[in-house]
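Okay, work-v6.csv is below, CSV, C-alpha atoms and all ligand atoms:
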chain,number,residue,atom,x,y,z
D,1,MET,CA,-56.1,0.5,14.3
D,2,GLY,CA,-54.0,-1.3,11.7
D,3,PHE,CA,-53.1,-0.3,8.1
D,4,GLN,CA,-55.5,2.1,6.5
D,5,PRO,CA,-54.8,3.0,2.8
D,6,GLN,CA,-56.4,5.9,0.9
D,7,GLN,CA,-59.2,4.8,-1.5
D,8,ASN,CA,-60.1,5.6,-5.1
D,9,VAL,CA,-57.0,7.7,-5.9
D,10,ASP,CA,-56.4,9.2,-9.4
D,11,LEU,CA,-53.2,7.9,-10.9
D,12,ALA,CA,-52.5,10.0,-14.0
D,13,GLU,CA,-51.1,12.9,-12.1
D,14,LEU,CA,-48.6,10.6,-10.3
D,15,THR,CA,-46.9,9.9,-13.6
D,16,THR,CA,-45.0,12.1,-16.1
D,17,PHE,CA,-47.1,10.8,-19.1
D,18,LYS,CA,-50.3,11.8,-17.2
D,19,ILE,CA,-52.1,8.6,-18.3
D,20,GLY,CA,-54.1,6.3,-16.0
D,21,GLY,CA,-57.3,5.6,-14.2
D,22,GLN,CA,-57.6,5.0,-10.5
D,23,ALA,CA,-56.2,2.8,-7.7
D,24,ALA,CA,-58.7,1.2,-5.4
D,25,PHE,CA,-56.2,1.6,-2.6
D,26,TYR,CA,-53.1,3.8,-2.3
D,27,THR,CA,-50.4,4.4,0.3
D,28,VAL,CA,-47.1,6.3,0.7
D,29,VAL,CA,-44.4,4.4,2.5
D,30,THR,CA,-41.6,6.3,4.3
D,31,SER,CA,-39.9,3.4,6.0
D,32,ALA,CA,-39.2,-0.2,5.2
D,33,ASP,CA,-40.6,-1.0,8.7
D,34,GLU,CA,-44.1,-0.2,7.4
D,35,LEU,CA,-44.0,-2.9,4.7
D,36,PRO,CA,-44.6,-6.1,6.7
D,37,GLU,CA,-47.9,-4.8,8.0
D,38,ILE,CA,-48.9,-3.7,4.5
D,39,PHE,CA,-48.1,-7.0,3.0
D,40,ALA,CA,-50.0,-8.8,5.8
D,41,TRP,CA,-53.0,-6.6,4.9
D,42,LEU,CA,-52.6,-7.4,1.2
D,43,LYS,CA,-52.5,-11.1,1.9
D,44,GLN,CA,-55.5,-11.0,4.2
D,45,ASN,CA,-57.5,-9.2,1.5
D,46,SER,CA,-56.0,-11.2,-1.4
D,47,LEU,CA,-55.1,-8.1,-3.2
D,48,PRO,CA,-52.2,-7.4,-5.7
D,49,HIS,CA,-49.8,-4.4,-5.4
D,50,LEU,CA,-48.0,-2.1,-7.7
D,51,VAL,CA,-44.9,-0.1,-6.7
D,52,LEU,CA,-44.5,3.5,-7.8
D,53,SER,CA,-41.7,6.0,-7.4
D,54,GLY,CA,-41.5,9.2,-9.5
D,55,GLY,CA,-43.8,7.8,-12.2
D,56,SER,CA,-41.5,8.8,-15.1
D,57,ASN,CA,-41.3,5.3,-16.5
D,58,THR,CA,-44.8,4.1,-15.8
D,59,ILE,CA,-47.9,4.0,-18.0
D,60,PHE,CA,-50.9,3.0,-16.0
D,61,GLY,CA,-54.1,1.4,-17.5
D,62,ASP,CA,-57.3,3.4,-18.0
D,63,GLY,CA,-59.5,1.4,-15.6
D,64,ILE,CA,-59.4,0.8,-11.9
D,65,PHE,CA,-56.5,-1.1,-10.4
D,66,ARG,CA,-58.2,-3.3,-7.8
D,67,GLY,CA,-55.3,-3.5,-5.5
D,68,LEU,CA,-52.8,-1.3,-3.6
D,69,VAL,CA,-50.4,1.2,-5.3
D,70,ILE,CA,-47.5,1.7,-2.9
D,71,LYS,CA,-45.6,5.0,-3.5
D,72,ILE,CA,-42.1,4.8,-2.1
D,73,SER,CA,-40.8,7.7,-0.2
D,74,ILE,CA,-38.0,6.2,1.9
D,75,MET,CA,-35.3,8.9,2.4
D,76,GLY,CA,-31.7,8.8,3.6
D,77,PHE,CA,-28.1,9.4,2.5
D,78,ALA,CA,-24.8,8.2,4.1
D,79,VAL,CA,-21.2,7.7,3.2
D,80,LEU,CA,-20.5,4.2,4.5
D,81,SER,CA,-16.7,4.1,3.8
D,82,GLU,CA,-13.9,5.9,2.1
D,83,SER,CA,-10.5,5.1,0.7
D,84,GLU,CA,-8.0,7.2,-1.2
D,85,LYS,CA,-9.6,6.3,-4.5
D,86,SER,CA,-13.2,5.7,-3.8
D,87,ALA,CA,-16.2,6.0,-1.4
D,88,VAL,CA,-19.2,3.8,-0.8
D,89,ILE,CA,-22.5,5.6,-0.3
D,90,THR,CA,-26.0,4.3,0.5
D,91,VAL,CA,-29.2,6.1,-0.5
D,92,GLY,CA,-32.8,5.7,0.4
D,93,SER,CA,-35.0,4.6,-2.5
D,94,GLY,CA,-37.3,7.6,-2.3
D,95,GLU,CA,-34.5,10.1,-2.8
D,96,ASP,CA,-34.7,12.1,-6.0
D,97,TRP,CA,-32.1,10.6,-8.4
D,98,ASP,CA,-30.8,13.8,-9.9
D,99,ALA,CA,-30.5,15.5,-6.5
D,100,ILE,CA,-28.3,12.6,-5.4
D,101,VAL,CA,-26.2,12.9,-8.6
D,102,ALA,CA,-25.7,16.6,-7.7
D,103,LYS,CA,-24.8,15.7,-4.1
D,104,THR,CA,-22.2,13.1,-5.1
D,105,ILE,CA,-20.6,15.6,-7.5
D,106,ASP,CA,-20.4,18.2,-4.6
D,107,LEU,CA,-18.6,15.5,-2.7
D,108,LYS,CA,-16.2,15.1,-5.6
D,109,LEU,CA,-17.3,11.5,-6.3
D,110,GLY,CA,-17.6,10.3,-9.9
D,111,GLY,CA,-19.3,7.4,-11.6
D,112,ILE,CA,-22.9,8.7,-12.1
D,113,GLU,CA,-22.2,12.2,-13.4
D,114,ALA,CA,-23.3,11.2,-17.0
D,115,LEU,CA,-26.6,10.1,-15.5
D,116,SER,CA,-27.4,13.7,-14.6
D,117,GLY,CA,-30.9,14.9,-15.4
D,118,ILE,CA,-32.6,11.5,-15.4
D,119,PRO,CA,-36.0,12.0,-13.7
D,120,GLY,CA,-37.3,9.7,-11.0
D,121,MET,CA,-36.2,8.3,-7.7
D,122,CYS,CA,-33.2,6.3,-6.6
D,123,GLY,CA,-35.1,3.1,-6.0
D,124,ALA,CA,-36.3,2.9,-9.6
D,125,ALA,CA,-32.8,3.4,-11.0
D,126,PRO,CA,-31.8,-0.3,-10.8
D,127,VAL,CA,-35.1,-1.5,-12.1
D,128,GLN,CA,-34.3,-0.6,-15.7
D,129,ASN,CA,-30.6,-0.2,-15.1
D,130,ILE,CA,-30.8,3.5,-16.0
D,131,GLY,CA,-28.2,4.6,-18.5
D,132,ALA,CA,-27.0,7.6,-20.5
D,133,TYR,CA,-23.9,8.8,-22.2
D,134,GLY,CA,-21.9,5.7,-21.5
D,135,GLN,CA,-22.7,5.1,-17.9
D,136,GLU,CA,-25.2,2.7,-16.4
D,137,ILE,CA,-26.2,2.3,-12.7
D,138,LYS,CA,-24.9,-1.3,-12.9
D,139,ASP,CA,-21.3,0.1,-13.2
D,140,THR,CA,-21.4,1.6,-9.7
D,141,THR,CA,-23.9,-0.6,-7.9
D,142,LEU,CA,-22.4,-2.7,-5.0
D,143,SER,CA,-25.8,-3.9,-3.7
D,144,VAL,CA,-29.5,-3.2,-3.5
D,145,GLU,CA,-31.4,-3.4,-0.3
D,146,VAL,CA,-34.9,-4.9,-0.8
D,147,PHE,CA,-38.0,-5.9,1.0
D,148,ASP,CA,-38.7,-9.4,-0.2
D,149,THR,CA,-42.4,-9.7,-0.5
D,150,ASP,CA,-42.2,-13.6,-0.6
D,151,ASN,CA,-41.2,-13.8,3.0
D,152,SER,CA,-41.6,-10.2,4.4
D,153,VAL,CA,-37.9,-9.6,5.2
D,154,VAL,CA,-35.5,-6.9,4.3
D,155,THR,CA,-32.4,-8.4,2.6
D,156,SER,CA,-29.7,-7.4,0.2
D,157,LEU,CA,-28.9,-8.4,-3.4
D,158,THR,CA,-25.4,-8.2,-4.9
D,159,ASN,CA,-24.8,-6.6,-8.2
D,160,ALA,CA,-24.7,-10.1,-9.9
D,161,GLU,CA,-28.0,-11.0,-8.2
D,162,CYS,CA,-29.6,-7.9,-9.8
D,163,GLU,CA,-29.0,-9.5,-13.3
D,164,PHE,CA,-28.4,-6.2,-14.9
D,165,GLU,CA,-28.8,-5.9,-18.7
D,166,PHE,CA,-29.3,-3.1,-21.1
D,167,ARG,CA,-32.4,-1.3,-19.7
D,168,ASN,CA,-33.3,-4.4,-17.7
D,169,SER,CA,-32.7,-6.2,-14.4
D,170,THR,CA,-34.2,-9.0,-12.3
D,171,PHE,CA,-36.6,-6.4,-10.9
D,172,LYS,CA,-38.2,-6.0,-14.3
D,173,ALA,CA,-37.7,-9.6,-15.5
D,174,THR,CA,-37.2,-12.9,-13.6
D,175,GLN,CA,-38.3,-11.5,-10.1
D,176,LYS,CA,-40.8,-8.9,-11.3
D,177,ASP,CA,-43.0,-7.6,-8.5
D,178,ARG,CA,-41.1,-9.7,-5.8
D,179,TYR,CA,-38.8,-7.0,-4.4
D,180,ILE,CA,-39.4,-3.5,-3.2
D,181,ILE,CA,-36.1,-1.6,-3.3
D,182,THR,CA,-35.6,0.3,0.0
D,183,ALA,CA,-32.0,1.5,-0.6
D,184,ILE,CA,-29.1,1.4,-3.1
D,185,THR,CA,-25.4,1.2,-2.3
D,186,LEU,CA,-23.0,2.6,-4.8
D,187,LYS,CA,-19.2,2.6,-5.0
D,188,LEU,CA,-18.0,5.9,-6.5
D,189,SER,CA,-14.6,7.1,-7.7
D,190,LYS,CA,-12.3,9.9,-6.5
D,191,LEU,CA,-10.2,9.6,-9.7
D,192,PRO,CA,-10.3,12.3,-12.4
D,193,PRO,CA,-13.3,11.8,-14.6
D,194,SER,CA,-13.2,11.5,-18.4
D,195,ILE,CA,-15.3,13.0,-21.2
D,196,PRO,CA,-18.3,10.7,-22.0
D,197,GLN,CA,-17.5,9.1,-25.3
D,198,TYR,CA,-20.7,10.2,-27.0
D,199,LYS,CA,-20.7,12.5,-30.0
D,200,ASP,CA,-22.7,15.3,-28.3
D,201,ALA,CA,-20.5,15.3,-25.3
D,202,ILE,CA,-17.2,15.0,-27.3
D,203,ASN,CA,-18.3,18.0,-29.5
D,204,TYR,CA,-19.5,20.0,-26.5
D,205,PHE,CA,-16.0,19.8,-24.9
D,206,LYS,CA,-14.2,20.2,-28.2
D,207,GLU,CA,-16.1,23.5,-28.8
D,208,LYS,CA,-15.2,24.7,-25.3
D,209,ASN,CA,-11.6,23.5,-25.7
D,210,ILE,CA,-11.7,21.5,-22.5
D,211,SER,CA,-9.8,18.2,-22.6
D,212,THR,CA,-9.9,17.2,-18.9
D,213,PRO,CA,-13.3,18.4,-17.6
D,214,THR,CA,-14.2,18.4,-13.9
D,215,LEU,CA,-17.3,16.5,-12.6
D,216,PRO,CA,-19.4,19.8,-12.3
D,217,GLN,CA,-18.4,20.6,-15.9
D,218,ILE,CA,-19.5,17.2,-17.1
D,219,ARG,CA,-22.8,17.5,-15.2
D,220,LYS,CA,-23.4,21.0,-16.8
D,221,ALA,CA,-22.6,19.6,-20.3
D,222,ILE,CA,-25.0,16.6,-19.9
D,223,LEU,CA,-27.8,18.8,-18.5
D,224,GLU,CA,-27.4,21.2,-21.5
D,225,ILE,CA,-27.3,18.4,-24.0
D,226,ARG,CA,-30.4,16.7,-22.5
D,227,ARG,CA,-32.3,20.0,-22.5
D,228,ASN,CA,-32.0,20.1,-26.3
D,229,LYS,CA,-32.8,16.4,-26.6
D,230,PHE,CA,-35.8,15.7,-24.3
D,231,MET,CA,-39.1,17.5,-24.1
D,232,ASP,CA,-39.8,18.6,-20.5
D,233,PRO,CA,-42.7,16.4,-19.3
D,234,ALA,CA,-44.0,19.5,-17.4
D,235,VAL,CA,-44.5,21.1,-20.8
D,236,MET,CA,-45.7,18.1,-22.8
D,237,PRO,CA,-46.3,14.9,-20.8
D,238,ASN,CA,-44.0,12.0,-21.8
D,239,ALA,CA,-41.8,9.2,-20.5
D,240,GLY,CA,-38.5,10.1,-22.2
D,241,SER,CA,-37.2,7.7,-24.8
D,242,PHE,CA,-40.1,5.4,-25.5
D,243,PHE,CA,-38.4,2.5,-27.3
D,244,LYS,CA,-35.2,0.7,-26.4
D,245,ASN,CA,-32.4,0.9,-28.9
D,246,PRO,CA,-32.6,-2.6,-30.6
D,247,ILE,CA,-29.6,-4.8,-30.4
D,248,VAL,CA,-29.5,-6.9,-33.5
D,249,ALA,CA,-27.5,-9.7,-35.0
D,250,GLU,CA,-24.7,-8.9,-37.4
D,251,LEU,CA,-26.6,-10.3,-40.4
D,252,VAL,CA,-29.7,-8.1,-39.8
D,253,ALA,CA,-27.5,-5.0,-39.0
D,254,LYS,CA,-25.3,-5.4,-42.2
D,255,LYS,CA,-28.5,-5.5,-44.3
D,256,ILE,CA,-29.8,-2.3,-42.7
D,257,ILE,CA,-26.4,-0.6,-43.0
D,258,ALA,CA,-26.1,-1.6,-46.7
D,259,GLN,CA,-29.5,-0.1,-47.5
D,260,ASN,CA,-29.1,2.9,-45.2
D,261,PRO,CA,-25.4,4.0,-45.0
D,262,ASP,CA,-26.4,7.0,-42.7
D,263,VAL,CA,-28.1,4.8,-40.1
D,264,LYS,CA,-27.2,5.8,-36.5
D,265,VAL,CA,-25.4,3.0,-34.6
D,266,TYR,CA,-24.2,3.1,-31.0
D,267,PRO,CA,-21.4,3.5,-29.9
D,268,GLU,CA,-21.1,6.5,-32.3
D,269,ASP,CA,-17.7,6.4,-34.0
D,270,THR,CA,-16.1,7.7,-37.2
D,271,LYS,CA,-17.2,4.4,-38.7
D,272,ILE,CA,-20.0,2.0,-37.8
D,273,ILE,CA,-18.8,-0.5,-35.2
D,274,PRO,CA,-20.4,-3.5,-33.4
D,275,LEU,CA,-20.8,-4.1,-29.7
D,276,GLU,CA,-18.6,-6.6,-28.0
D,277,GLY,CA,-19.8,-10.0,-29.2
D,278,GLY,CA,-20.6,-8.8,-32.8
D,279,ASN,CA,-24.1,-7.5,-32.4
D,280,TYR,CA,-25.1,-4.0,-33.3
D,281,LYS,CA,-27.1,-1.4,-31.3
D,282,ILE,CA,-29.2,0.6,-33.7
D,283,ALA,CA,-30.7,4.0,-32.7
D,284,ALA,CA,-34.4,3.4,-32.4
D,285,GLY,CA,-35.0,7.1,-32.9
D,286,TRP,CA,-33.2,7.0,-36.3
D,287,LEU,CA,-35.4,4.1,-37.5
D,288,ILE,CA,-38.6,6.1,-36.6
D,289,GLN,CA,-37.3,9.4,-38.0
D,290,ASN,CA,-36.2,7.7,-41.2
D,291,LEU,CA,-39.8,6.5,-41.7
D,292,GLY,CA,-40.9,10.1,-41.6
D,293,LEU,CA,-42.9,9.5,-38.4
D,294,LYS,CA,-41.8,12.6,-36.5
D,295,GLY,CA,-44.9,14.6,-35.5
D,296,LEU,CA,-47.2,11.7,-36.3
D,297,GLU,CA,-50.5,12.2,-34.4
D,298,LEU,CA,-53.1,9.6,-33.4
D,299,GLU,CA,-56.0,10.5,-31.2
D,300,LYS,CA,-54.5,12.4,-28.3
D,301,VAL,CA,-50.9,11.2,-28.6
D,302,ARG,CA,-48.1,12.0,-31.0
D,303,VAL,CA,-44.5,11.5,-31.9
D,304,ASP,CA,-42.6,14.6,-30.8
D,305,PRO,CA,-42.0,16.7,-33.9
D,306,ASN,CA,-38.3,17.1,-33.1
D,307,HIS,CA,-37.4,13.9,-31.3
D,308,ALA,CA,-38.6,10.7,-32.9
D,309,LEU,CA,-38.0,8.6,-29.8
D,310,VAL,CA,-40.3,10.6,-27.6
D,311,LEU,CA,-44.0,9.9,-27.6
D,312,GLU,CA,-46.2,12.6,-26.0
D,313,ASN,CA,-49.7,13.0,-24.4
D,314,LYS,CA,-51.3,16.1,-26.1
D,315,GLY,CA,-53.8,16.2,-23.2
D,316,GLY,CA,-56.3,13.7,-21.9
D,317,ALA,CA,-54.8,10.7,-23.7
D,318,THR,CA,-55.6,7.2,-22.6
D,319,GLN,CA,-53.4,4.1,-22.5
D,320,LYS,CA,-55.5,2.8,-25.4
D,321,ASP,CA,-54.6,5.8,-27.5
D,322,LEU,CA,-50.9,5.4,-26.7
D,323,LYS,CA,-50.9,1.6,-27.5
D,324,GLN,CA,-52.4,2.3,-30.9
D,325,LEU,CA,-49.6,4.7,-31.8
D,326,VAL,CA,-47.0,2.3,-30.4
D,327,SER,CA,-48.4,-0.6,-32.5
D,328,LYS,CA,-48.4,1.6,-35.6
D,329,ILE,CA,-44.8,2.6,-35.1
D,330,GLN,CA,-43.7,-1.0,-34.3
D,331,ASP,CA,-45.5,-2.4,-37.4
D,332,LEU,CA,-44.0,0.1,-39.7
D,333,VAL,CA,-40.5,-0.4,-38.3
D,334,THR,CA,-40.8,-4.2,-38.5
D,335,LYS,CA,-42.1,-4.0,-42.1
D,336,LYS,CA,-39.2,-1.7,-43.2
D,337,TYR,CA,-36.3,-3.0,-41.2
D,338,GLY,CA,-37.3,-6.5,-39.9
D,339,ILE,CA,-36.7,-5.3,-36.3
D,340,THR,CA,-39.2,-5.4,-33.4
D,341,LEU,CA,-39.0,-2.3,-31.3
D,342,GLU,CA,-39.6,-2.9,-27.6
D,343,ALA,CA,-41.2,-0.2,-25.3
D,344,GLU,CA,-38.9,1.0,-22.5
D,345,PRO,CA,-41.5,2.3,-20.0
D,346,VAL,CA,-43.5,-0.2,-17.8
D,347,ILE,CA,-47.0,-0.5,-19.3
D,348,VAL,CA,-49.3,-1.6,-16.6
D,349,GLU,CA,-52.6,-3.1,-17.8
D,350,PHE,CA,-55.9,-2.7,-15.9
S,401,LIG,C1,-37.7,13.2,-19.9
S,401,LIG,C2,-37.3,11.9,-19.5
S,401,LIG,C3,-36.0,11.5,-19.7
S,401,LIG,C4,-35.5,10.2,-19.4
S,401,LIG,N1,-34.2,9.9,-19.6
S,401,LIG,C5,-33.7,8.6,-19.3
S,401,LIG,C6,-32.4,8.3,-19.6
S,401,LIG,O1,-31.6,9.0,-20.1
S,401,LIG,N2,-32.0,7.0,-19.2
S,401,LIG,C7,-32.8,6.1,-18.6
S,401,LIG,O2,-32.4,5.0,-18.3
S,401,LIG,N3,-34.1,6.4,-18.3
S,401,LIG,C8,-34.6,7.7,-18.7
S,401,LIG,N4,-35.9,8.0,-18.4
S,401,LIG,C9,-36.8,7.0,-17.8
S,401,LIG,C10,-37.0,7.2,-16.3
S,401,LIG,O3,-36.6,8.4,-15.8
S,401,LIG,C11,-36.1,6.1,-15.5
S,401,LIG,O4,-36.4,4.8,-15.8
S,401,LIG,C12,-36.3,6.3,-14.0
S,401,LIG,O5,-35.4,5.5,-13.3
S,401,LIG,C13,-37.7,6.0,-13.5
S,401,LIG,O6,-37.8,6.5,-12.1
S,401,LIG,P1,-39.2,6.7,-11.5
S,401,LIG,O7,-38.9,6.9,-10.0
S,401,LIG,O8,-39.9,7.8,-12.1
S,401,LIG,O9,-39.9,5.3,-11.7
S,401,LIG,P2,-41.4,4.8,-11.8
S,401,LIG,O10,-41.9,5.2,-13.1
S,401,LIG,O11,-42.1,5.3,-10.6
S,401,LIG,O12,-41.2,3.2,-11.8
S,401,LIG,C14,-40.6,2.6,-12.8
S,401,LIG,C15,-40.7,1.1,-12.6
S,401,LIG,O13,-39.9,0.8,-11.4
S,401,LIG,C16,-40.6,0.1,-10.4
S,401,LIG,N5,-40.2,0.7,-9.1
S,401,LIG,C17,-40.1,2.0,-8.8
S,401,LIG,N6,-39.6,2.2,-7.6
S,401,LIG,C18,-39.4,0.9,-7.1
S,401,LIG,C19,-38.8,0.4,-5.9
S,401,LIG,N7,-38.5,1.2,-4.9
S,401,LIG,N8,-38.7,-0.9,-5.7
S,401,LIG,C20,-39.1,-1.8,-6.8
S,401,LIG,N9,-39.6,-1.4,-7.9
S,401,LIG,C21,-39.7,0.0,-8.1
S,401,LIG,C22,-42.1,0.5,-10.7
S,401,LIG,O14,-43.0,-0.5,-10.2
S,401,LIG,C23,-42.1,0.6,-12.2
S,401,LIG,O15,-42.2,-0.8,-12.7
S,401,LIG,C24,-36.4,9.3,-18.7
S,401,LIG,C25,-37.7,9.7,-18.5
S,401,LIG,C26,-38.2,10.9,-18.8
S,401,LIG,C27,-39.6,11.3,-18.5

Please, can you express the file's structure as structure tokens?
Amino acid sequence: MGFQPQQNVDLAELTTFKIGGQAAFYTVVTSADELPEIFAWLKQNSLPHLVLSGGSNTIFGDGIFRGLVIKISIMGFAVLSESEKSAVITVGSGEDWDAIVAKTIDLKLGGIEALSGIPGMCGAAPVQNIGAYGQEIKDTTLSVEVFDTDNSVVTSLTNAECEFEFRNSTFKATQKDRYIITAITLKLSKLPPSIPQYKDAINYFKEKNISTPTLPQIRKAILEIRRNKFMDPAVMPNAGSFFKNPIVAELVAKKIIAQNPDVKVYPEDTKIIPLEGGNYKIAAGWLIQNLGLKGLELEKVRVDPNHALVLENKGGATQKDLKQLVSKIQDLVTKKYGITLEAEPVIVEF
């Protein structure tokens, strides 16, 4: 009978921000083998596609997407090889990211423990090179298996070909929309882990008097720290940190630091230090908080009253509402600090 997508599907509930209109066509994919037929159908009907996983980093438009939304649900987990010091695992892109982190810790494999508690699926993790508490997925990624929509074949990209950057990769930039990630292959470590060099984590273990924590102890710490930092999207819909921490040139940073000696700069240290290369990574949350914007409300969206970096849907918000708030924050930050804040989630217009 051929490929038959669902029609007129509501999108808001498929994302953690609960914003979005409808998809004219929608399908759930459980195997890469289904993709050639789907892309032949798209070509035949001259329709565009959008890929969706857990929806925790996606803000859909308010109208109708006149194309096909493809929800990825490709499962699978295997240990491909092991040595004394490491193991290589491969994971289906539709597996829940945090469940896989927990599983690797059960297997005594380290390298992604600081990425505990990040919502979403494994296939989305390389898209924005997820990161937290000093780890990024680029550090452990050996390769990413993809369906190449240009020629309808499954192929593999090396770590270098993924062009990972801070909250960015080829999947979000140079080859946007070209690849559908079907699996990720990670090289994890069997060596003893170390305390994530972030103030919250350092203080957590200092208080508990633990100098050489185990992987489960690090996971527990990160989950606890995150619980205090992020609003649960099930309670108040959001997409986590809304703005990327801006990386600015020394001259700009020095001016901000001179005017605001208490500005928060990453990596956090006893004194303000630059990144390798001399640029500075400023905490976007601090910039917003320092402007007194915590709790700012506009239409049905607001800045979380406790966490300046988290924008929230108070109920029934539209992408238009959100964009107004985003522009207001961006304008005020640019005016005060000369920095342009960039949104982290993928904002899809339709
Ligand atoms: C409370 C909260 C806390 C968060 N904390 C962090 C954090 O600490 N660090 C961090 O980096 N992020 C964080 N995020 C953001 C988000 O969880 C991650 O970006 C996550 O990887 C998104 O996964 P997802 O499955 O929900 O992606 P989705 O929102 O479904 O998709 C995100 C993007 O990836 C694309 N995509 C998804 N799957 C595929 C695929 N298989 N192939 C190709 N493209 C695909 C989509 O088209 C979309 O452009 C947080 C979000 C929330 C809500």

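Checking D:Val154, D:Val346, D:Cys162, D:Leu322 one by one against ligand LIG 401 (chain S), counting only C-alpha atoms and all ligand atoms, you find the shortest gap at D:Val346.
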
Ligand LIG 401 (chain S): which residues are within 6 Å, counting only C-alpha atoms and all ligand atoms, as a ChimeraX atom specification? /D:16,50-58,72,93,118-121,123-125,127-128,130-132,179-182,230,232-233,238-240,346

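Nearest-residue note for Gly92 of chain D: choosing from D:Ala183, D:Asp33, D:Val153, D:Asn129, the minimum distance belongs to D:Ala183, counting only C-alpha atoms.
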
Got a sec: who's within 7 Å of segment 285-289 of chain D, counting all atoms listed in the file, leaving out chain neighbours fewer than 5 positions off, as a PyMOL selection string? chain D and resi 263-264+294+308-309+333

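In terms of minimum interatomic distance to Asn45 of chain D, D:Arg66 ranks closest within D:Lys281, D:Arg66, D:Lys255, D:Lys300, counting all atoms listed in the file.
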
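The smallest atom-to-atom distance between Gly111 of chain D and any of D:Pro246, D:Pro36, D:Pro196, D:Gly67, using only C-alpha atoms, is found for D:Pro196.
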
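Taking only C-alpha atoms, the non-local environment of Gly117 of chain D within 8 Å (same-chain residues fewer than 2 positions away omitted) comprises Asp98, Leu115, Pro119, Ile222, Leu223 and Arg226 of chain D.
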
Excluding Leu142 of chain D and residues on its chain fewer than 4 positions from it, collect all residues at most 10 Å away from it, counting all atoms listed in the file, and give them as a ChimeraX atom specification. /D:88-90,137-138,157-160,184-188

Would you compute the distance between atom CA of Gly76 of chain D and atom CA of Val91 of chain D? Give it in Å to one decimal. 5.5 Å

List the spatial neighbours of Leu191 of chain D as an NGL selection string - criterion: any atom at most 12 Å away, only C-alpha atoms, same-chain residues fewer than 6 positions off excluded. :D and (83-87 or 108-111 or 212 or 214-215)

Counting only C-alpha atoms, what are the residues of segment 140-255 of chain D within 12 Å of segment 323-331 of chain D, and for each of them which pair of atoms is the nearest and at what distance in Å, to one decimal? Sort the table by chain and rising number, as CSV.
residue,atom,partner,partner_atom,distance
D:Phe242,CA,D:Val326,CA,9.0
D:Phe243,CA,D:Val326,CA,9.1
D:Lys244,CA,D:Gln330,CA,11.7
D:Pro246,CA,D:Gln330,CA,11.8

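Atom pair atom CA of Ile257 of chain D / atom CA of Asn279 of chain D has a distance of 12.9 Å (rounded to one decimal).
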
Could you check the closest approach to Val348 of chain D for each of D:Phe65, D:Pro48, D:Gly2, D:Leu298 and tell me which residue wins, using only C-alpha atoms? D:Phe65

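For the pair atom CA of Leu296 of chain D and atom CA of Glu342 of chain D, the interatomic distance is 18.6 Å.
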
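Among D:Pro261, D:Gly277, D:Pro237, D:Pro216, the residue with the shortest atom-to-atom distance to Val101 of chain D, counting all atoms listed in the file, is D:Pro216.
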